[in-house]
Every structure is written in C-alpha cells, then in structure tokens.
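Source file run.txt; content: compact mmCIF, N, CA and C atoms.
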```
# COMPACT_ATOMS: atom_id res chain seq x y z
N MET H 146 93.52 113.70 108.22
CA MET H 146 92.19 113.13 108.12
C MET H 146 91.13 114.10 108.62
N HIS H 147 91.50 114.93 109.57
CA HIS H 147 90.56 115.92 110.08
C HIS H 147 90.81 117.28 109.44
N GLY H 148 91.57 117.29 108.37
CA GLY H 148 91.85 118.52 107.64
C GLY H 148 91.16 118.48 106.28
N PHE H 149 91.95 118.69 105.23
CA PHE H 149 91.37 118.79 103.89
C PHE H 149 90.85 117.46 103.35
N LEU H 150 91.17 116.34 103.97
CA LEU H 150 90.64 115.04 103.53
C LEU H 150 89.47 114.56 104.39
N TRP H 151 88.85 115.51 105.10
CA TRP H 151 87.73 115.19 105.96
C TRP H 151 86.58 114.51 105.20
N ASN H 152 86.38 114.89 103.94
CA ASN H 152 85.28 114.27 103.17
C ASN H 152 85.45 112.76 103.03
N LEU H 153 86.68 112.26 103.06
CA LEU H 153 86.90 110.81 103.05
C LEU H 153 86.76 110.20 104.44
N HIS H 154 87.11 110.96 105.45
CA HIS H 154 87.14 110.45 106.82
C HIS H 154 85.78 110.58 107.54
N LEU H 155 84.91 111.42 107.03
CA LEU H 155 83.63 111.71 107.68
C LEU H 155 82.82 110.46 107.97
N ASP H 156 82.71 109.56 107.02
CA ASP H 156 81.86 108.38 107.24
C ASP H 156 82.44 107.44 108.29
N HIS H 157 83.67 107.67 108.69
CA HIS H 157 84.23 106.89 109.80
C HIS H 157 83.65 107.37 111.13
N HIS H 158 83.35 108.66 111.22
CA HIS H 158 82.76 109.22 112.43
C HIS H 158 81.24 109.11 112.44
N VAL H 159 80.65 109.03 111.27
CA VAL H 159 79.20 108.85 111.16
C VAL H 159 78.99 107.64 110.24
N PRO H 160 79.23 106.44 110.77
CA PRO H 160 79.23 105.26 109.90
C PRO H 160 77.85 104.84 109.43
N ASP H 161 77.83 104.25 108.25
CA ASP H 161 76.65 103.61 107.69
C ASP H 161 76.75 102.14 108.06
N ARG H 162 75.93 101.70 108.96
CA ARG H 162 76.03 100.33 109.47
C ARG H 162 75.59 99.27 108.46
N ASN H 163 75.10 99.70 107.30
CA ASN H 163 74.64 98.74 106.29
C ASN H 163 75.73 98.32 105.33
N THR H 164 76.93 98.87 105.48
CA THR H 164 78.01 98.52 104.56
C THR H 164 79.30 98.26 105.35
N PHE H 165 80.09 97.35 104.86
CA PHE H 165 81.36 97.02 105.52
C PHE H 165 82.43 98.06 105.19
N PHE H 166 82.44 98.54 103.94
CA PHE H 166 83.46 99.48 103.51
C PHE H 166 83.02 100.91 103.75
N GLU H 167 84.00 101.77 104.00
CA GLU H 167 83.78 103.20 104.20
C GLU H 167 84.65 103.95 103.21
N LYS H 168 84.28 105.21 102.94
CA LYS H 168 85.16 106.05 102.13
C LYS H 168 86.52 106.19 102.82
N ASN H 169 86.51 106.15 104.14
CA ASN H 169 87.72 106.24 104.95
C ASN H 169 88.73 105.16 104.56
N ASP H 170 88.26 104.05 104.03
CA ASP H 170 89.16 102.96 103.62
C ASP H 170 90.04 103.37 102.44
N MET H 171 89.72 104.47 101.78
CA MET H 171 90.56 104.96 100.68
C MET H 171 91.93 105.39 101.17
N PHE H 172 92.05 105.66 102.47
CA PHE H 172 93.36 106.02 103.01
C PHE H 172 94.37 104.90 102.82
N PHE H 173 93.88 103.68 102.67
CA PHE H 173 94.76 102.56 102.35
C PHE H 173 95.56 102.89 101.09
N LEU H 174 94.88 103.36 100.05
CA LEU H 174 95.57 103.70 98.80
C LEU H 174 96.44 104.94 98.94
N ILE H 175 95.98 105.89 99.74
CA ILE H 175 96.74 107.12 99.94
C ILE H 175 98.09 106.81 100.57
N TYR H 176 98.16 105.78 101.39
CA TYR H 176 99.43 105.38 102.00
C TYR H 176 100.15 104.28 101.20
N ALA H 177 99.39 103.35 100.64
CA ALA H 177 100.01 102.21 99.97
C ALA H 177 100.75 102.61 98.69
N ILE H 178 100.17 103.49 97.91
CA ILE H 178 100.80 103.86 96.63
C ILE H 178 102.14 104.56 96.83
N PRO H 179 102.22 105.61 97.67
CA PRO H 179 103.55 106.21 97.90
C PRO H 179 104.54 105.24 98.53
N SER H 180 104.06 104.39 99.42
CA SER H 180 104.94 103.40 100.05
C SER H 180 105.54 102.49 98.99
N TRP H 181 104.69 101.93 98.16
CA TRP H 181 105.14 101.03 97.10
C TRP H 181 106.11 101.74 96.16
N LEU H 182 105.77 102.97 95.74
CA LEU H 182 106.64 103.71 94.82
C LEU H 182 108.01 103.99 95.45
N CYS H 183 108.02 104.40 96.71
CA CYS H 183 109.30 104.69 97.38
C CYS H 183 110.15 103.43 97.51
N ILE H 184 109.51 102.32 97.90
CA ILE H 184 110.27 101.07 98.04
C ILE H 184 110.81 100.62 96.69
N MET H 185 109.95 100.64 95.67
CA MET H 185 110.34 100.17 94.35
C MET H 185 111.42 101.07 93.73
N LEU H 186 111.17 102.37 93.69
CA LEU H 186 112.12 103.28 93.05
C LEU H 186 113.42 103.39 93.86
N GLY H 187 113.29 103.40 95.18
CA GLY H 187 114.48 103.47 96.03
C GLY H 187 115.38 102.27 95.84
N SER H 188 114.78 101.10 95.70
CA SER H 188 115.61 99.91 95.51
C SER H 188 116.12 99.80 94.07
N MET H 189 115.32 100.21 93.10
CA MET H 189 115.76 100.13 91.70
C MET H 189 116.95 101.05 91.41
N PHE H 190 116.93 102.23 92.01
CA PHE H 190 117.96 103.22 91.72
C PHE H 190 118.94 103.41 92.88
N ALA H 191 118.90 102.50 93.84
CA ALA H 191 119.80 102.50 95.00
C ALA H 191 119.77 103.84 95.74
N ILE H 192 118.57 104.38 95.91
CA ILE H 192 118.39 105.60 96.71
C ILE H 192 117.80 105.12 98.04
N TRP H 193 118.68 104.65 98.91
CA TRP H 193 118.25 103.95 100.12
C TRP H 193 117.35 104.78 101.03
N PRO H 194 117.62 106.08 101.22
CA PRO H 194 116.72 106.85 102.10
C PRO H 194 115.26 106.84 101.59
N ILE H 195 115.09 106.90 100.28
CA ILE H 195 113.72 106.87 99.71
C ILE H 195 113.09 105.50 99.99
N MET H 196 113.86 104.45 99.83
CA MET H 196 113.34 103.11 100.10
C MET H 196 112.95 102.98 101.57
N TYR H 197 113.77 103.51 102.48
CA TYR H 197 113.46 103.42 103.90
C TYR H 197 112.23 104.24 104.26
N ILE H 198 112.01 105.35 103.59
CA ILE H 198 110.79 106.13 103.78
C ILE H 198 109.58 105.28 103.39
N GLY H 199 109.70 104.57 102.29
CA GLY H 199 108.63 103.67 101.86
C GLY H 199 108.32 102.60 102.88
N PHE H 200 109.37 102.02 103.48
CA PHE H 200 109.16 101.01 104.53
C PHE H 200 108.55 101.64 105.78
N GLY H 201 108.90 102.89 106.06
CA GLY H 201 108.30 103.60 107.19
C GLY H 201 106.81 103.81 107.00
N ILE H 202 106.43 104.22 105.78
CA ILE H 202 105.01 104.38 105.46
C ILE H 202 104.29 103.04 105.57
N LEU H 203 104.93 101.98 105.10
CA LEU H 203 104.36 100.64 105.19
C LEU H 203 104.15 100.23 106.66
N ALA H 204 105.15 100.49 107.50
CA ALA H 204 105.04 100.15 108.93
C ALA H 204 103.89 100.90 109.58
N TYR H 205 103.75 102.19 109.25
CA TYR H 205 102.64 102.97 109.79
C TYR H 205 101.30 102.39 109.32
N GLY H 206 101.22 102.03 108.05
CA GLY H 206 99.98 101.45 107.51
C GLY H 206 99.60 100.15 108.20
N ILE H 207 100.57 99.31 108.45
CA ILE H 207 100.30 98.04 109.15
C ILE H 207 99.84 98.33 110.58
N ALA H 208 100.53 99.25 111.26
CA ALA H 208 100.14 99.61 112.63
C ALA H 208 98.74 100.19 112.66
N TYR H 209 98.44 101.08 111.71
CA TYR H 209 97.11 101.70 111.66
C TYR H 209 96.04 100.62 111.45
N PHE H 210 96.28 99.72 110.52
CA PHE H 210 95.30 98.66 110.26
C PHE H 210 95.08 97.79 111.49
N LEU H 211 96.17 97.32 112.10
CA LEU H 211 96.04 96.42 113.24
C LEU H 211 95.47 97.11 114.48
N VAL H 212 95.95 98.31 114.78
CA VAL H 212 95.50 99.00 115.99
C VAL H 212 94.13 99.62 115.79
N HIS H 213 93.98 100.41 114.75
CA HIS H 213 92.74 101.17 114.57
C HIS H 213 91.59 100.34 114.03
N GLU H 214 91.81 99.67 112.93
CA GLU H 214 90.70 98.95 112.28
C GLU H 214 90.39 97.62 112.97
N VAL H 215 91.42 96.86 113.31
CA VAL H 215 91.21 95.53 113.89
C VAL H 215 90.96 95.62 115.39
N PHE H 216 91.88 96.26 116.14
CA PHE H 216 91.76 96.25 117.59
C PHE H 216 90.70 97.21 118.11
N ILE H 217 90.76 98.47 117.72
CA ILE H 217 89.84 99.46 118.28
C ILE H 217 88.43 99.28 117.75
N HIS H 218 88.27 99.25 116.43
CA HIS H 218 86.93 99.20 115.83
C HIS H 218 86.40 97.79 115.61
N GLN H 219 87.24 96.79 115.83
CA GLN H 219 86.80 95.39 115.73
C GLN H 219 86.19 95.06 114.36
N ARG H 220 86.74 95.62 113.31
CA ARG H 220 86.23 95.31 111.97
C ARG H 220 86.54 93.87 111.60
N PHE H 221 87.57 93.34 112.19
CA PHE H 221 87.88 91.91 112.10
C PHE H 221 87.98 91.43 113.54
N LYS H 222 87.48 90.29 113.83
CA LYS H 222 87.38 89.81 115.22
C LYS H 222 88.63 89.05 115.66
N TRP H 223 89.79 89.68 115.57
CA TRP H 223 91.04 89.00 115.87
C TRP H 223 91.50 89.19 117.32
N PHE H 224 91.39 90.39 117.86
CA PHE H 224 91.93 90.69 119.19
C PHE H 224 90.81 91.12 120.14
N ARG H 225 89.77 90.35 120.23
CA ARG H 225 88.59 90.73 120.99
C ARG H 225 88.76 90.63 122.49
N ASN H 226 89.53 89.70 122.96
CA ASN H 226 89.55 89.40 124.39
C ASN H 226 90.75 89.98 125.13
N SER H 227 91.39 90.97 124.57
CA SER H 227 92.55 91.57 125.23
C SER H 227 92.09 92.40 126.42
N ASP H 228 92.72 92.18 127.57
CA ASP H 228 92.35 92.91 128.78
C ASP H 228 93.56 93.65 129.34
N ASN H 229 94.47 94.04 128.49
CA ASN H 229 95.67 94.75 128.88
C ASN H 229 95.32 96.21 129.21
N VAL H 230 95.91 96.76 130.26
CA VAL H 230 95.63 98.13 130.70
C VAL H 230 95.93 99.13 129.58
N TYR H 231 97.07 98.97 128.94
CA TYR H 231 97.46 99.89 127.86
C TYR H 231 96.46 99.83 126.71
N PHE H 232 96.03 98.65 126.32
CA PHE H 232 95.07 98.50 125.22
C PHE H 232 93.69 99.07 125.59
N ARG H 233 93.28 98.88 126.85
CA ARG H 233 92.02 99.47 127.29
C ARG H 233 92.10 100.99 127.24
N ALA H 234 93.25 101.55 127.59
CA ALA H 234 93.44 103.00 127.55
C ALA H 234 93.36 103.52 126.12
N ILE H 235 93.92 102.78 125.18
CA ILE H 235 93.82 103.18 123.77
C ILE H 235 92.36 103.21 123.34
N ARG H 236 91.60 102.20 123.70
CA ARG H 236 90.18 102.17 123.34
C ARG H 236 89.42 103.32 123.99
N ARG H 237 89.70 103.60 125.25
CA ARG H 237 89.03 104.70 125.96
C ARG H 237 89.32 106.03 125.25
N ALA H 238 90.59 106.27 124.94
CA ALA H 238 90.97 107.52 124.26
C ALA H 238 90.28 107.63 122.91
N HIS H 239 90.16 106.52 122.21
CA HIS H 239 89.52 106.57 120.89
C HIS H 239 88.02 106.82 121.00
N LYS H 240 87.39 106.33 122.06
CA LYS H 240 85.97 106.65 122.28
C LYS H 240 85.77 108.15 122.43
N VAL H 241 86.67 108.79 123.16
CA VAL H 241 86.59 110.24 123.34
C VAL H 241 86.82 110.93 122.00
N HIS H 242 87.73 110.41 121.21
CA HIS H 242 87.99 110.95 119.87
C HIS H 242 86.71 110.94 119.03
N HIS H 243 85.91 109.90 119.16
CA HIS H 243 84.68 109.77 118.38
C HIS H 243 83.48 110.42 119.05
N LYS H 244 83.67 111.02 120.19
CA LYS H 244 82.57 111.68 120.91
C LYS H 244 81.97 112.81 120.08
N HIS H 245 82.81 113.52 119.35
CA HIS H 245 82.36 114.61 118.49
C HIS H 245 82.27 114.10 117.06
N MET H 246 81.14 114.31 116.43
CA MET H 246 80.94 113.78 115.08
C MET H 246 81.56 114.67 114.01
N GLY H 247 81.86 115.91 114.33
CA GLY H 247 82.45 116.81 113.35
C GLY H 247 83.96 116.78 113.41
N LYS H 248 84.59 117.50 112.47
CA LYS H 248 86.05 117.49 112.45
C LYS H 248 86.65 118.45 113.48
N GLU H 249 85.86 119.42 113.93
CA GLU H 249 86.32 120.32 114.97
C GLU H 249 86.09 119.66 116.33
N GLN H 250 86.83 120.08 117.30
CA GLN H 250 86.72 119.65 118.69
C GLN H 250 87.07 118.18 118.90
N GLY H 251 87.55 117.50 117.88
CA GLY H 251 87.96 116.11 118.06
C GLY H 251 89.24 116.06 118.89
N GLU H 252 89.32 115.12 119.78
CA GLU H 252 90.49 114.99 120.63
C GLU H 252 91.42 113.93 120.06
N CYS H 253 92.71 114.21 120.11
CA CYS H 253 93.70 113.25 119.63
C CYS H 253 93.71 112.03 120.53
N PHE H 254 93.70 110.84 119.95
CA PHE H 254 93.70 109.63 120.76
C PHE H 254 95.07 108.96 120.80
N GLY H 255 96.00 109.44 120.02
CA GLY H 255 97.37 108.98 120.11
C GLY H 255 97.72 107.72 119.34
N MET H 256 96.76 106.95 118.90
CA MET H 256 96.93 105.66 118.26
C MET H 256 97.89 104.75 119.03
N LEU H 257 99.18 104.92 118.92
CA LEU H 257 100.12 104.05 119.62
C LEU H 257 100.64 104.65 120.92
N ILE H 258 100.64 105.96 121.01
CA ILE H 258 101.10 106.64 122.22
C ILE H 258 99.87 107.25 122.88
N VAL H 259 99.28 106.48 123.76
CA VAL H 259 98.02 106.87 124.39
C VAL H 259 98.27 108.04 125.35
N PRO H 260 97.39 109.08 125.33
CA PRO H 260 97.54 110.18 126.28
C PRO H 260 97.54 109.68 127.73
N TRP H 261 98.37 110.29 128.54
CA TRP H 261 98.59 109.85 129.92
C TRP H 261 97.29 109.79 130.73
N LYS H 262 96.38 110.75 130.52
CA LYS H 262 95.17 110.79 131.35
C LYS H 262 94.32 109.52 131.18
N TYR H 263 94.32 108.94 129.99
CA TYR H 263 93.52 107.72 129.78
C TYR H 263 94.22 106.50 130.37
N LEU H 264 95.52 106.49 130.27
CA LEU H 264 96.28 105.39 130.89
C LEU H 264 96.12 105.44 132.40
N LYS H 265 96.15 106.64 132.96
CA LYS H 265 95.97 106.81 134.40
C LYS H 265 94.59 106.32 134.85
N GLN H 266 93.56 106.62 134.06
CA GLN H 266 92.21 106.15 134.39
C GLN H 266 92.14 104.63 134.43
N GLU H 267 92.76 103.98 133.48
CA GLU H 267 92.73 102.52 133.43
C GLU H 267 93.58 101.91 134.55
N LEU H 268 94.69 102.56 134.88
CA LEU H 268 95.52 102.07 136.00
C LEU H 268 94.77 102.17 137.33
N LYS H 269 93.97 103.22 137.49
CA LYS H 269 93.17 103.36 138.71
C LYS H 269 92.18 102.21 138.84
N LYS H 270 91.61 101.78 137.73
CA LYS H 270 90.67 100.64 137.76
C LYS H 270 91.36 99.38 138.25
N VAL H 271 92.60 99.17 137.83
CA VAL H 271 93.34 97.99 138.22
C VAL H 271 93.62 98.01 139.72
N HIS H 272 93.98 99.17 140.24
CA HIS H 272 94.36 99.28 141.64
C HIS H 272 93.17 99.47 142.58
N ALA H 273 91.97 99.58 142.02
CA ALA H 273 90.77 99.77 142.86
C ALA H 273 90.23 98.45 143.39
```
Final structure tokens representation of the file:
Amino acid sequence: MHGFLWNLHLDHHVPDRNTFFEKNDMFFLIYAIPSWLCIMLGSMFAIWPIMYIGFGILAYGIAYFLVHEVFIHQRFKWFRNSDNVYFRAIRRAHKVHHKHMGKEQGECFGMLIVPWKYLKQELKKVHA
C-alpha cells in the first residue's frame, strides 16, 4: 500500500471528509478476487493448498476490515467503547502511522501485532 499502489492508498492518509468511500477501498477487490479464485479453483480441481491460500487471504481481509476500518477508523460504529489495553495500543500505533501524510517515513503499526513500545505506553497508563 505504501509502495507501487500508493495512488490508491493516498486518500486514506489525506481523506476527503465529504465522501464515505475512498480509492483505498479498492483494496477490497485486490484481495477478494484472488481469494475467491483460489477457493473456487482449489476446490473444483482438488488443489487443496491453493484453496487454503484463498481462505488465508479471506481471513486477512476480514481481519483488515474489522480491525482497520471498523475498530481503528470507526467507519462503522460497532466497537466504539472498547477500553482494552491492547486495543488502545493498536489505535495509538495507527495514529503514529498516520502522522506522516506521505508514503515515506510512515511507521508500521502492526495491525494485529502491535509494536511493543505502544503496548508499553498503554500499560504504563493502567499502572499509573
């Protein structure tokens, strides 16, 4: 997303608040189509590793949607009141990721595996 497909991901870092959809949402198709093809062709021709790759892509897509779009960016108001230390650390790390508007100097936020320094910051808040 921060490489050759930056032109699709850019509006996620510099959002247009007048529209619900972003070009970044096209990544849904970039993941969904290969996932569907792998699952369908793998099961039709009994090529199980290909089918399992398709399910892996599907699992990543579901995790990305729930964690990134729903939980972090609150595009849907489903998990608004979570006060878990780990979830707060994910949000903190993602704020730092969005601190830079360009594709350079962006910091990895880990999505599901939050960097230790952000988890440590949130744990300090709990123990303070």
Would you write out, as JSON lines, a table of all residues in stretch 212-244 of chain H that have an atom no more than 7 Å from an atom of stretch 258-271 of chain H, listing for each the closest atom pair and the distance in Å to one decimal, considering all atoms listed in the file and ordering rows by chain and rising residue number?
```
{"residue": "H:Val230", "atom": "CA", "partner": "H:Glu267", "partner_atom": "C", "distance": 5.8}
{"residue": "H:Tyr231", "atom": "CA", "partner": "H:Leu264", "partner_atom": "CA", "distance": 6.4}
{"residue": "H:Arg233", "atom": "C", "partner": "H:Glu267", "partner_atom": "CA", "distance": 6.4}
{"residue": "H:Ala234", "atom": "CA", "partner": "H:Tyr263", "partner_atom": "C", "distance": 4.6}
{"residue": "H:Ile235", "atom": "CA", "partner": "H:Val259", "partner_atom": "CA", "distance": 5.6}
{"residue": "H:Arg237", "atom": "C", "partner": "H:Tyr263", "partner_atom": "CA", "distance": 6.4}
{"residue": "H:Ala238", "atom": "N", "partner": "H:Tyr263", "partner_atom": "CA", "distance": 5.8}
```
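The interatomic distance for the pair atom N of H:Ser180 and atom C of H:His213 works out to 19.6 Å.
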Problem - Straight-line distance linking atom N of H:Cys183 with atom CA of H:Ile217, stated in Å to one decimal - result: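 So the two atoms, atom N of H:Cys183 and atom CA of H:Ile217, lie 28.6 Å apart.
Between atom CA of H:Leu257 and atom CA of H:Leu174 the interatomic distance comes to 21.3 Å.
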Exercise for the section: Please run DSSP on the backbone and report, as a ChimeraX atom specification, all residues within chain H that come out as alpha helix (DSSP H). Expected result: /H:151-158,172-189,193-208,230-242,261-272
Fill in the blank from the handout: If you count only C-alpha atoms, the residue of H:Met146, H:Leu155, H:Val241, H:Ala191 closest to H:Ile175 turns out to be H:Met146
